[in-house]
Each structure stands twice: as structure tokens, then as C-alpha cells.
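What follows is the content of my_file.pdb (PDB, C-alpha atoms).
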ATOM      1  CA  MET A  22      45.064 442.745 132.982
ATOM      2  CA  GLN A  23      44.938 445.587 135.499
ATOM      3  CA  LEU A  24      41.709 447.550 135.059
ATOM      4  CA  PHE A  25      42.303 450.380 137.501
ATOM      5  CA  ASN A  26      45.299 452.694 137.293
ATOM      6  CA  VAL A  27      44.941 454.206 140.755
ATOM      7  CA  LYS A  28      47.054 454.331 143.903
ATOM      8  CA  THR A  29      45.657 451.968 146.494
ATOM      9  CA  ALA A  30      46.638 454.466 149.196
ATOM     10  CA  ASN A  31      43.706 456.560 147.951
ATOM     11  CA  LEU A  32      41.226 453.683 148.337
ATOM     12  CA  SER A  33      39.417 452.464 151.430
ATOM     13  CA  PRO A  34      39.718 448.800 152.499
ATOM     14  CA  ASN A  35      36.293 448.074 150.980
ATOM     15  CA  GLN A  36      37.266 449.762 147.711
ATOM     16  CA  ILE A  37      40.469 447.674 147.520
ATOM     17  CA  LYS A  38      38.332 444.594 148.122
ATOM     18  CA  ILE A  39      35.935 445.576 145.309
ATOM     19  CA  ALA A  40      38.768 446.397 142.878
ATOM     20  CA  ASP A  41      40.474 443.056 143.506
ATOM     21  CA  TYR A  42      37.191 441.180 143.026
ATOM     22  CA  ILE A  43      36.461 442.925 139.709
ATOM     23  CA  ASN A  44      39.957 442.192 138.393
ATOM     24  CA  ARG A  45      39.560 438.515 139.215
ATOM     25  CA  HIS A  46      35.927 438.105 138.114
ATOM     26  CA  LEU A  47      35.566 440.559 135.251
ATOM     27  CA  GLN A  48      33.309 438.362 133.106
ATOM     28  CA  ASP A  49      30.880 437.836 135.998
ATOM     29  CA  VAL A  50      30.909 441.543 136.868
ATOM     30  CA  LEU A  51      30.024 442.511 133.294
ATOM     31  CA  LEU A  52      26.842 440.471 133.709
ATOM     32  CA  SER A  53      26.079 441.588 137.271
ATOM     33  CA  THR A  54      24.164 444.363 138.968
ATOM     34  CA  GLU A  55      25.655 446.468 141.758
ATOM     35  CA  LYS A  56      23.509 444.565 144.233
ATOM     36  CA  GLU A  57      24.906 441.232 143.047
ATOM     37  CA  ILE A  58      28.478 442.519 143.282
ATOM     38  CA  ALA A  59      27.770 443.814 146.799
ATOM     39  CA  GLU A  60      26.289 440.468 147.886
ATOM     40  CA  ALA A  61      29.289 438.566 146.527
ATOM     41  CA  LEU A  62      31.614 440.715 148.630
ATOM     42  CA  ASN A  63      29.386 441.201 151.680
ATOM     43  CA  VAL A  64      29.520 444.991 151.342
ATOM     44  CA  SER A  65      26.722 447.516 150.893
ATOM     45  CA  THR A  66      25.307 448.383 147.469
ATOM     46  CA  ALA A  67      26.111 452.009 148.284
ATOM     47  CA  SER A  68      29.793 451.093 148.669
ATOM     48  CA  VAL A  69      29.780 449.585 145.172
ATOM     49  CA  SER A  70      27.971 452.640 143.769
ATOM     50  CA  ARG A  71      30.531 455.017 145.283
ATOM     51  CA  PHE A  72      33.426 452.866 144.092
ATOM     52  CA  TRP A  73      33.247 453.686 140.374
ATOM     53  CA  LYS A  74      34.107 457.383 140.646
ATOM     54  CA  SER A  75      37.066 456.598 142.903
ATOM     55  CA  VAL A  76      38.646 454.588 140.052
ATOM     56  CA  GLY A  77      37.789 456.883 137.141
ATOM     57  CA  TYR A  78      34.324 455.781 135.968
ATOM     58  CA  HIS A  79      30.978 457.545 136.273
ATOM     59  CA  ASN A  80      29.069 454.417 137.300
ATOM     60  CA  LEU A  81      28.734 450.689 136.608
ATOM     61  CA  LYS A  82      27.125 451.354 133.224
ATOM     62  CA  ASP A  83      30.094 453.522 132.219
ATOM     63  CA  PHE A  84      32.520 450.819 133.353
ATOM     64  CA  LYS A  85      30.728 448.134 131.310
ATOM     65  CA  ARG A  86      30.636 450.378 128.237
ATOM     66  CA  LYS A  87      34.385 451.055 128.392
ATOM     67  CA  MET A  88      35.140 447.368 128.900
ATOM     68  CA  ARG A  89      33.198 446.605 125.704
ATOM     69  CA  GLU A  90      35.223 449.282 123.896
ATOM     70  CA  ILE A  91      38.504 447.537 124.703
ATOM     71  CA  ASP A  92      36.987 444.223 123.594
ATOM     72  CA  VAL A  93      37.425 442.185 126.752
ATOM     73  CA  THR A  94      37.511 438.545 125.684
ATOM     74  CA  PRO A  95      36.621 435.675 128.043
ATOM     75  CA  VAL A  96      39.607 433.453 128.743
ATOM     76  CA  GLY A  97      37.455 430.380 129.043
ATOM     77  CA  ASN A  98      33.989 429.215 129.937
ATOM     78  CA  PHE A  99      34.327 428.355 133.598
ATOM     79  CA  GLU A 100      31.504 426.422 135.093
ATOM     80  CA  LYS A 101      29.485 428.172 137.759
ATOM     81  CA  ALA A 102      30.165 427.098 141.281
ATOM     82  CA  MET A 103      29.033 423.493 141.692
ATOM     83  CA  GLU A 104      26.506 422.579 144.291
ATOM     84  CA  ARG A 105      28.205 421.155 147.353
ATOM     85  CA  LEU A 106      28.783 417.465 146.826
ATOM     86  CA  THR A 107      27.969 414.771 149.328
ATOM     87  CA  ALA A 108      30.569 413.974 151.967
ATOM     88  CA  HIS A 109      32.001 410.922 150.161
ATOM     89  CA  GLU A 110      32.622 413.019 147.027
ATOM     90  CA  TRP A 111      34.466 415.895 148.685
ATOM     91  CA  GLN A 112      37.765 414.870 147.044
ATOM     92  CA  HIS A 113      36.248 415.573 143.620
ATOM     93  CA  ASP A 114      35.065 418.960 144.814
ATOM     94  CA  GLN A 115      38.574 419.826 146.029
ATOM     95  CA  LEU A 116      40.075 418.640 142.739
ATOM     96  CA  GLU A 117      37.712 420.887 140.767
ATOM     97  CA  GLN A 118      38.541 423.815 143.032
ATOM     98  CA  GLY A 119      42.271 423.185 142.720
ATOM     99  CA  MET A 120      42.017 423.131 138.931
ATOM    100  CA  ALA A 121      40.045 426.384 138.988
ATOM    101  CA  ASN A 122      42.743 428.009 141.153
ATOM    102  CA  LEU A 123      45.455 426.901 138.719
ATOM    103  CA  LYS A 124      43.499 428.312 135.772
ATOM    104  CA  GLU A 125      43.002 431.623 137.545
ATOM    105  CA  THR A 126      46.700 431.737 138.443
ATOM    106  CA  MET A 127      47.659 431.254 134.793
ATOM    107  CA  ARG A 128      45.049 433.739 133.593
ATOM    108  CA  HIS A 129      46.410 436.576 135.705
ATOM    109  CA  LEU A 130      50.119 435.679 135.873
ATOM    110  CA  SER A 131      52.096 438.437 134.162
ATOM    111  CA  ALA A 132      54.825 437.060 131.886
ATOM    112  CA  SER A 133      56.804 440.302 132.169
ATOM    113  CA  GLN A 134      56.647 440.286 135.978
ATOM    114  CA  PHE A 135      57.610 436.596 136.030
ATOM    115  CA  ASP A 136      60.669 437.314 133.863
ATOM    116  CA  LEU A 137      61.638 440.234 136.126
ATOM    117  CA  ALA A 138      61.301 437.969 139.174
ATOM    118  CA  ILE A 139      63.599 435.319 137.693
ATOM    119  CA  GLU A 140      66.175 437.944 136.688
ATOM    120  CA  ALA A 141      66.098 439.524 140.148
ATOM    121  CA  LEU A 142      66.459 436.179 141.939
ATOM    122  CA  VAL A 143      69.410 435.141 139.769
ATOM    123  CA  LYS A 144      71.250 438.475 140.058
ATOM    124  CA  ALA A 145      70.671 439.176 143.772
ATOM    125  CA  GLU A 146      73.718 439.031 146.020
ATOM    126  CA  THR A 147      71.548 437.539 148.762
ATOM    127  CA  VAL A 148      67.905 436.443 148.586
ATOM    128  CA  TYR A 149      65.910 436.726 151.811
ATOM    129  CA  ILE A 150      62.561 434.948 152.096
ATOM    130  CA  TYR A 151      59.847 436.152 154.469
ATOM    131  CA  SER A 152      56.978 433.620 154.484
ATOM    132  CA  PRO A 153      54.850 433.954 157.633
ATOM    133  CA  GLY A 154      51.966 431.766 158.791
ATOM    134  CA  PRO A 155      50.450 429.390 156.227
ATOM    135  CA  SER A 156      53.023 430.436 153.611
ATOM    136  CA  LYS A 157      55.897 429.071 155.727
ATOM    137  CA  GLY A 158      55.968 425.805 153.762
ATOM    138  CA  LEU A 159      56.270 427.716 150.482
ATOM    139  CA  GLY A 160      59.300 429.556 151.840
ATOM    140  CA  VAL A 161      60.892 426.290 152.973
ATOM    141  CA  LEU A 162      60.343 424.758 149.514
ATOM    142  CA  MET A 163      61.785 427.803 147.746
ATOM    143  CA  HIS A 164      64.804 427.962 150.078
ATOM    144  CA  HIS A 165      65.545 424.222 149.819
ATOM    145  CA  ARG A 166      65.401 424.059 146.027
ATOM    146  CA  LEU A 167      67.130 427.330 145.161
ATOM    147  CA  LYS A 168      69.977 426.722 147.591
ATOM    148  CA  ARG A 169      70.847 423.650 145.509
ATOM    149  CA  PHE A 170      71.419 425.924 142.513
ATOM    150  CA  GLY A 171      74.076 427.910 144.349
ATOM    151  CA  LEU A 172      71.972 430.934 145.271
ATOM    152  CA  ASN A 173      72.961 432.722 148.465
ATOM    153  CA  ILE A 174      69.577 432.434 150.141
ATOM    154  CA  VAL A 175      68.263 432.987 153.678
ATOM    155  CA  HIS A 176      64.867 431.862 154.989
ATOM    156  CA  MET A 177      63.751 434.301 157.676
ATOM    157  CA  THR A 178      61.873 432.657 160.539
ATOM    158  CA  SER A 179      61.685 435.532 163.027
ATOM    159  CA  SER A 180      58.685 437.765 163.666
ATOM    160  CA  GLY A 181      57.966 440.935 165.592
ATOM    161  CA  SER A 182      60.981 443.029 166.563
ATOM    162  CA  ASP A 183      63.228 439.957 166.130
ATOM    163  CA  ILE A 184      62.938 440.418 162.368
ATOM    164  CA  LEU A 185      65.210 443.454 162.712
ATOM    165  CA  GLU A 186      68.052 441.014 163.418
ATOM    166  CA  ASP A 187      67.720 439.853 159.796
ATOM    167  CA  MET A 188      66.948 443.263 158.353
ATOM    168  CA  VAL A 189      70.177 444.775 159.632
ATOM    169  CA  HIS A 190      71.984 442.633 157.026
ATOM    170  CA  PHE A 191      69.846 443.786 154.067
ATOM    171  CA  LYS A 192      71.737 445.913 151.538
ATOM    172  CA  ARG A 193      71.494 447.315 148.032
ATOM    173  CA  GLY A 194      71.860 444.408 145.593
ATOM    174  CA  ASP A 195      69.799 442.039 147.766
ATOM    175  CA  LEU A 196      66.258 440.816 147.097
ATOM    176  CA  VAL A 197      63.583 440.197 149.730
ATOM    177  CA  VAL A 198      60.806 437.779 148.721
ATOM    178  CA  LEU A 199      57.583 438.470 150.611
ATOM    179  CA  PHE A 200      54.550 436.193 150.765
ATOM    180  CA  GLY A 201      51.526 438.413 151.373
ATOM    181  CA  PHE A 202      48.167 436.701 151.436
ATOM    182  CA  VAL A 203      44.930 438.503 152.423
ATOM    183  CA  ARG A 204      46.540 441.317 154.425
ATOM    184  CA  MET A 205      49.839 443.051 154.970
ATOM    185  CA  LEU A 206      51.498 442.112 158.252
ATOM    186  CA  SER A 207      53.358 444.762 160.229
ATOM    187  CA  GLU A 208      56.688 443.042 159.516
ATOM    188  CA  ALA A 209      56.072 443.275 155.756
ATOM    189  CA  LYS A 210      55.145 446.957 156.043
ATOM    190  CA  VAL A 211      58.403 447.635 157.879
ATOM    191  CA  ILE A 212      60.436 445.753 155.238
ATOM    192  CA  LEU A 213      58.809 447.696 152.384
ATOM    193  CA  ASP A 214      59.382 451.000 154.163
ATOM    194  CA  ASP A 215      63.026 450.090 154.795
ATOM    195  CA  ALA A 216      63.516 448.951 151.170
ATOM    196  CA  LYS A 217      62.621 452.425 149.912
ATOM    197  CA  LYS A 218      65.178 453.988 152.248
ATOM    198  CA  ARG A 219      68.059 451.567 151.621
ATOM    199  CA  GLY A 220      67.478 450.525 148.009
ATOM    200  CA  TYR A 221      67.201 446.742 148.056
ATOM    201  CA  GLN A 222      64.600 445.054 145.847
ATOM    202  CA  THR A 223      61.345 443.395 146.904
ATOM    203  CA  LEU A 224      59.325 440.623 145.262
ATOM    204  CA  LEU A 225      55.768 439.968 146.431
ATOM    205  CA  ILE A 226      53.881 436.710 145.923
ATOM    206  CA  THR A 227      50.206 437.362 146.643
ATOM    207  CA  ASP A 228      46.664 436.114 146.042
ATOM    208  CA  GLN A 229      45.333 439.610 145.341
ATOM    209  CA  LEU A 230      45.545 441.561 142.093
ATOM    210  CA  ILE A 231      44.917 444.829 143.889
ATOM    211  CA  SER A 232      45.769 445.294 147.562
ATOM    212  CA  GLU A 233      47.524 447.674 149.921
ATOM    213  CA  PHE A 234      50.773 446.093 148.669
ATOM    214  CA  THR A 235      50.173 447.334 145.109
ATOM    215  CA  GLY A 236      52.700 449.972 144.054
ATOM    216  CA  LYS A 237      54.888 449.395 147.113
ATOM    217  CA  VAL A 238      56.896 446.450 145.747
ATOM    218  CA  ASP A 239      59.285 446.221 142.799
ATOM    219  CA  ILE A 240      57.896 442.965 141.404
ATOM    220  CA  GLN A 241      54.553 441.274 142.052
ATOM    221  CA  LEU A 242      53.403 437.748 141.150
ATOM    222  CA  PHE A 243      49.784 436.626 141.519
ATOM    223  CA  SER A 244      48.631 433.160 142.519
ATOM    224  CA  SER A 245      45.063 432.176 143.318
ATOM    225  CA  ARG A 246      44.104 430.540 146.610
ATOM    226  CA  GLY A 247      40.351 430.563 145.933
ATOM    227  CA  GLU A 248      37.663 432.900 147.184
ATOM    228  CA  ARG A 249      38.064 434.770 150.456
ATOM    229  CA  THR A 250      35.330 432.704 152.093
ATOM    230  CA  ASP A 251      36.655 429.332 150.846
ATOM    231  CA  PHE A 252      39.316 427.016 152.234
ATOM    232  CA  HIS A 253      42.554 428.665 151.090
ATOM    233  CA  SER A 254      44.401 426.102 148.986
ATOM    234  CA  MET A 255      48.162 426.287 148.403
ATOM    235  CA  ILE A 256      47.975 424.439 145.069
ATOM    236  CA  GLY A 257      48.242 427.668 143.043
ATOM    237  CA  PRO A 258      51.122 429.196 145.018
ATOM    238  CA  THR A 259      53.016 425.864 145.016
ATOM    239  CA  PHE A 260      52.587 425.650 141.241
ATOM    240  CA  LEU A 261      53.958 429.187 140.909
ATOM    241  CA  ILE A 262      56.978 428.496 143.151
ATOM    242  CA  GLU A 263      57.801 425.299 141.257
ATOM    243  CA  ASN A 264      57.761 427.243 137.984
ATOM    244  CA  VAL A 265      60.088 429.839 139.508
ATOM    245  CA  ILE A 266      62.448 427.055 140.600
ATOM    246  CA  LEU A 267      62.424 425.436 137.143
ATOM    247  CA  ALA A 268      62.994 428.769 135.389
ATOM    248  CA  ILE A 269      65.998 429.541 137.591
ATOM    249  CA  GLY A 270      67.354 426.027 137.051
ATOM    250  CA  MET A 271      67.224 426.621 133.292
ATOM    251  CA  LYS A 272      68.787 430.073 133.665
ATOM    252  CA  LYS A 273      71.659 428.740 135.775
ATOM    253  CA  GLU A 274      71.842 425.312 134.148
ATOM    254  CA  THR A 275      75.639 424.870 134.192
ATOM    255  CA  GLU A 276      76.067 426.096 137.767
ATOM    256  CA  ALA A 277      72.991 424.178 138.935
ATOM    257  CA  LEU A 278      74.285 420.915 137.472
ATOM    258  CA  THR A 279      77.686 421.467 139.080
ATOM    259  CA  HIS A 280      76.104 421.928 142.514
ATOM    260  CA  LEU A 281      73.825 418.917 142.060
ATOM    261  CA  LYS A 282      76.758 416.715 141.007
ATOM    262  CA  SER A 283      78.688 417.834 144.084
ATOM    263  CA  LEU A 284      75.685 416.995 146.243
ATOM    264  CA  THR A 285      75.443 413.531 144.667
ATOM    265  CA  GLN A 286      79.136 412.910 145.351
ATOM    266  CA  LEU A 287      78.771 413.933 148.998
ATOM    267  CA  ARG A 288      75.761 411.655 149.418
ATOM    268  CA  SER A 289      77.723 408.759 147.955
ATOM    269  CA  MET A 290      80.749 409.492 150.137
ATOM    270  CA  TYR A 291      78.760 409.563 153.383
ATOM    271  CA  ALA A 292      75.985 407.104 152.485
ATOM    272  CA  ASP A 293      76.808 404.814 155.413
ATOM    273  CA  GLU A 294      77.002 407.561 158.042
ATOM    274  CA  LEU A 295      74.050 409.575 156.713
ATOM    275  CA  PRO A 296      71.670 407.204 154.888
ATOM    276  CA  ARG A 297      68.783 408.802 153.041
TER     277      ARG A 297
END
This entry written out as C-alpha cells:
Amino acid sequence: MQLFNVKTANLSPNQIKIADYINRHLQDVLLSTEKEIAEALNVSTASVSRFWKSVGYHNLKDFKRKMREIDVTPVGNFEKAMERLTAHEWQHDQLEQGMANLKETMRHLSASQFDLAIEALVKAETVYIYSPGPSKGLGVLMHHRLKRFGLNIVHMTSSGSDILEDMVHFKRGDLVVLFGFVRMLSEAKVILDDAKKRGYQTLLITDQLISEFTGKVDIQLFSSRGERTDFHSMIGPTFLIENVILAIGMKKETEALTHLKSLTQLRSMYADELPR
């Protein structure tokens, strides 16, 4: 659920940070003071106090009152952050954190946006994937699996001005998938600016509910990677990508099976020359 209907261009970086935190931790915020919210985000209490009017509320009290009016229901009783376990138990800690990330991903994943993403991926003439830095592996996974289903798909590996070599081929009817975690890279900003001018679609996969990306993409899917100060896990994003792959496989079942059968035949034909 999006709580703030406001253009992020009108918000400061700290205000975007606060808005994203509130969207992801609403139940905690409803029980918090401004000081506690500020401490959780490492911003000043004054920044939190000024935030409310920028998003249409008089103050924190007004925000809490209006949230009660729309009957905000807790999705589940999540345990408070566990005390750090001893070194030999760190695997259990990571498992708990991974499960929490998956729950948060499901809690905030929009079914309507997911359906739009699947439709756009299936209908696009060409799908381009831009997955920089730590999201590179997600792009490789998406490219590898979806190519098997017969999608015309390109995984972009360039950066800087070299990315223009790929962009020159973008056209109306194409879809560019962007992975945008934490901040918007210059390359992504250029792609989004160009998309408005030339009319191709954009799909953003991000770990923020509200960011400087918001309102600048056609479709947006959320996936949790944990808190900003934690180790950023890719369990949530991988789960999301696998669901996208499965949904497209179901949507293009006949064509997907045809391609997979052809692949099996090729593997059998060249098993001696190219063993698996």
C-alpha cells in the first residue's frame, strides 16, 4: 500500500528515505515517536518533523489518526530484531533474515504491477535488461531462462557512454528492465529520460517503495533486500525473478515447450561433442 501520493521530485533525499521507511515499517511507525523514527534512519528529529507537511499531513499525530481511520491491519506479527547470535549460529541468523525479506517482498508486491510486468515482457518486441553491480547475476538468470521461452532478449553489459551503443537500438514496442537498488545510476537516469522521448516501456525492479525512480517508470516491482545498514541479501529479488520466469512460462506454455523440446533434441544430437 502506498501511503503518500506525492511526486518524489518535490522531496529531498532525506524525505524520500523517510517515506520509504514508513511504507516498509508502518506498524512500527504507528507505535514510534519522531525521535525513534529519526534514530532508525540516522536523520535529525527536525527532519522527521518537517516531513509530514511535505506529504500532506499536519504532523505525526495527524498521520497516525488518519492511518487508524483507514483501518490499517498488521500483516503478521514479526518478531523484533533478534540479538546477534554467536559466531557458530550465524547461519540461523541469515536464514531468519532471508525469511523476513521474503515476507516483506510478498507483503508489498503489487499483484496488478506483477501482471502488467508479465504482459509487457511477453508482448515486447525486444526485452533489454540493465542489471549493474550486484544485480548482474539477477540479469544473467533472467536472460538465461527467458531466452529459452523464445523471448527476444538482450542482456546489456556496458556502462558509461558505452551504454549508448545498446540504446541506439531501443524503439517503441521494446521493454527495458532496470534493476535499481539503493540509488539511481546515471545510466538508468539516461535510459528513463530517453524512454519518455522515444516511447519504449520501462520496468523497474527495486528494493525501495518510494525513491527517485517513483513515477518515472511504467511498471515497478518491489523486492526486499533487508535494511539499508544490513548485508544486502539477493534472496528476495531472486524469488521475485523466479516467479516472473514461471509466470511467463505459464503464459507462453506451448511456445516454451516447443523451444525446450528443440533444446533437448540439440543436446542429444551433440552430446558427444558438447557434453553437459
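For the pair CA of Asn80 in chain A and CA of Ala67 in chain A, the interatomic distance is 11.6 Å.
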Original post:
Applied to the shown file, which residues does the PyMOL selection byres ((chain A and resi 273) around 12) return, written as a PyMOL selection string?
Top reply: chain A and resi 139-140+142-144+167+169-172+266-272+274-281
Would you put the residues from that selection into a file with C-alpha atoms, as a tab-separated table (two decimals), in the coordinates of the input?
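Once written, selection.tsv looks like this:
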chain	number	residue	atom	x	y	z
A	139	ILE	CA	63.60	435.32	137.69
A	140	GLU	CA	66.18	437.94	136.69
A	142	LEU	CA	66.46	436.18	141.94
A	143	VAL	CA	69.41	435.14	139.77
A	144	LYS	CA	71.25	438.48	140.06
A	167	LEU	CA	67.13	427.33	145.16
A	169	ARG	CA	70.85	423.65	145.51
A	170	PHE	CA	71.42	425.92	142.51
A	171	GLY	CA	74.08	427.91	144.35
A	172	LEU	CA	71.97	430.93	145.27
A	266	ILE	CA	62.45	427.06	140.60
A	267	LEU	CA	62.42	425.44	137.14
A	268	ALA	CA	62.99	428.77	135.39
A	269	ILE	CA	66.00	429.54	137.59
A	270	GLY	CA	67.35	426.03	137.05
A	271	MET	CA	67.22	426.62	133.29
A	272	LYS	CA	68.79	430.07	133.66
A	274	GLU	CA	71.84	425.31	134.15
A	275	THR	CA	75.64	424.87	134.19
A	276	GLU	CA	76.07	426.10	137.77
A	277	ALA	CA	72.99	424.18	138.94
A	278	LEU	CA	74.28	420.92	137.47
A	279	THR	CA	77.69	421.47	139.08
A	280	HIS	CA	76.10	421.93	142.51
A	281	LEU	CA	73.82	418.92	142.06
**OP:** Pick out the residues sitting within 12 Å of Phe260 in chain A, and hand them over as a list in words; count all atoms listed in the file, and ignore anything fewer than 5 positions along from it in its own chain.
**Re:** Gly119, Met120, Asn122, Leu123, Lys124, Glu125, Thr126, Met127, Leu130, Leu159, Leu162, Met163, Phe243, Ser244, Ser245, Arg246, Ser254, Met255, Val265, Ile266 and Leu267 of chain A
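As for CA of Lys38 in chain A and CA of Lys82 in chain A, they are spaced 19.8 Å apart.
Distance annotation: of A:Ala61, A:Leu51, A:Gln286, A:Ile39, the residue with the minimal separation from Arg86 in chain A is A:Leu51; atom set is all atoms listed in the file.
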**OP:** Would you kindly return, as a ChimeraX atom specification, each protein, DNA or RNA residue with an atom no farther than 10 Å from any atom of Phe200 in chain A, considering all atoms listed in the file and excluding same-chain residues fewer than 3 positions away?
**Re:** /A:150-157,159-160,197,205,209,224-228,242,258
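Within 12 Å of the point (63.7, 438.2, 162.2) in file coordinates, and counting only C-alpha atoms, lie the residues A:Tyr149, A:Ile150, A:Tyr151, A:Ser152, A:Pro153, A:Val175, A:His176, A:Met177, A:Thr178, A:Ser179, A:Ser180, A:Gly181, A:Ser182, A:Asp183, A:Ile184, A:Leu185, A:Glu186, A:Asp187, A:Met188, A:Val189, A:His190, A:Phe191, A:Glu208, A:Ala209, A:Val211, A:Ile212.
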Subject >> Nearest to Thr29 in chain A by atom-to-atom distance, counting all atoms listed in the file, from A:Gly194, A:Gly236, A:Gly158, A:Gly77 >> reply: A:Gly236
Using 5 Å of padding on each side, determine the axis-aligned box around all atoms of range 78-83 of chain A present in the file and give its centre and edge lengths in Å to one decimal, as JSON.
{"center_x": 30.7, "center_y": 454.1, "center_z": 134.8, "size_x": 17.2, "size_y": 16.9, "size_z": 15.1}
Original post:
So how far away is CA of His129 in chain A from CA of Lys56 in chain A, in Å?
Top reply: 25.7 Å
**OP:** Point out the residue among A:Glu263, A:Asp49, A:Glu117, A:Asp41 with the least atom-to-atom distance to Phe234 in chain A, counting only C-alpha atoms.
**Re:** A:Asp41
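Among A:Lys282, A:Lys74, A:Lys192, A:Lys28, the residue with the shortest atom-to-atom distance to Tyr221 in chain A, counting only C-alpha atoms, is A:Lys192.
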Taking the partial coordinates given, rebuild range 197-205 of chain A to contain all heavy atoms; return it as a CSV table (one decimal), in the coordinates of the input.
chain,number,residue,atom,x,y,z
A,197,VAL,N,64.4,440.8,148.7
A,197,VAL,CA,63.6,440.2,149.7
A,197,VAL,C,62.3,439.7,149.1
A,197,VAL,O,61.6,440.5,148.5
A,197,VAL,CB,63.3,441.2,150.8
A,197,VAL,CG1,62.4,440.6,151.9
A,197,VAL,CG2,64.5,441.8,151.5
A,198,VAL,N,62.0,438.4,149.2
A,198,VAL,CA,60.8,437.8,148.7
A,198,VAL,C,59.8,437.8,149.8
A,198,VAL,O,60.0,437.2,150.9
A,198,VAL,CB,61.1,436.3,148.2
A,198,VAL,CG1,59.8,435.7,147.7
A,198,VAL,CG2,62.1,436.3,147.2
A,199,LEU,N,58.6,438.4,149.6
A,199,LEU,CA,57.6,438.5,150.6
A,199,LEU,C,56.4,437.7,150.2
A,199,LEU,O,55.9,437.8,149.0
A,199,LEU,CB,57.1,439.9,150.8
A,199,LEU,CG,58.2,440.9,151.3
A,199,LEU,CD1,57.7,442.3,151.0
A,199,LEU,CD2,58.5,440.8,152.7
A,200,PHE,N,55.8,436.9,151.0
A,200,PHE,CA,54.6,436.2,150.8
A,200,PHE,C,53.5,437.0,151.5
A,200,PHE,O,53.5,437.1,152.7
A,200,PHE,CB,54.6,434.7,151.2
A,200,PHE,CG,55.4,433.8,150.4
A,200,PHE,CD1,56.8,433.8,150.6
A,200,PHE,CD2,54.8,433.1,149.4
A,200,PHE,CE1,57.6,432.9,149.8
A,200,PHE,CE2,55.6,432.3,148.6
A,200,PHE,CZ,57.0,432.2,148.8
A,201,GLY,N,52.6,437.6,150.8
A,201,GLY,CA,51.5,438.4,151.4
A,201,GLY,C,50.1,438.0,150.9
A,201,GLY,O,49.7,438.4,149.9
A,202,PHE,N,49.5,437.2,151.7
A,202,PHE,CA,48.2,436.7,151.4
A,202,PHE,C,47.2,437.4,152.3
A,202,PHE,O,47.3,437.5,153.6
A,202,PHE,CB,48.1,435.2,151.6
A,202,PHE,CG,49.0,434.4,150.7
A,202,PHE,CD1,49.8,433.4,151.2
A,202,PHE,CD2,49.0,434.7,149.4
A,202,PHE,CE1,50.6,432.7,150.3
A,202,PHE,CE2,49.8,434.0,148.5
A,202,PHE,CZ,50.6,433.0,149.0
A,203,VAL,N,46.1,437.9,151.7
A,203,VAL,CA,44.9,438.5,152.4
A,203,VAL,C,45.3,439.9,153.0
A,203,VAL,O,44.7,440.9,152.6
A,203,VAL,CB,44.4,437.6,153.6
A,203,VAL,CG1,43.2,438.3,154.2
A,203,VAL,CG2,43.9,436.3,153.0
A,204,ARG,N,46.3,440.0,153.8
A,204,ARG,CA,46.5,441.3,154.4
A,204,ARG,C,48.0,441.5,154.6
A,204,ARG,O,48.8,440.5,154.6
A,204,ARG,CB,45.8,441.5,155.8
A,204,ARG,CG,46.3,440.5,156.8
A,204,ARG,CD,45.4,440.6,158.1
A,204,ARG,NE,45.9,439.6,159.1
A,204,ARG,CZ,46.8,439.9,160.0
A,204,ARG,NH1,47.3,441.1,160.1
A,204,ARG,NH2,47.1,439.0,160.9
A,205,MET,N,48.4,442.7,154.8
A,205,MET,CA,49.8,443.1,155.0
A,205,MET,C,50.2,443.0,156.5
A,205,MET,O,49.6,443.8,157.2
A,205,MET,CB,50.2,444.4,154.4
A,205,MET,CG,51.6,444.8,154.5
A,205,MET,SD,51.9,446.5,154.0
A,205,MET,CE,51.7,446.4,152.3
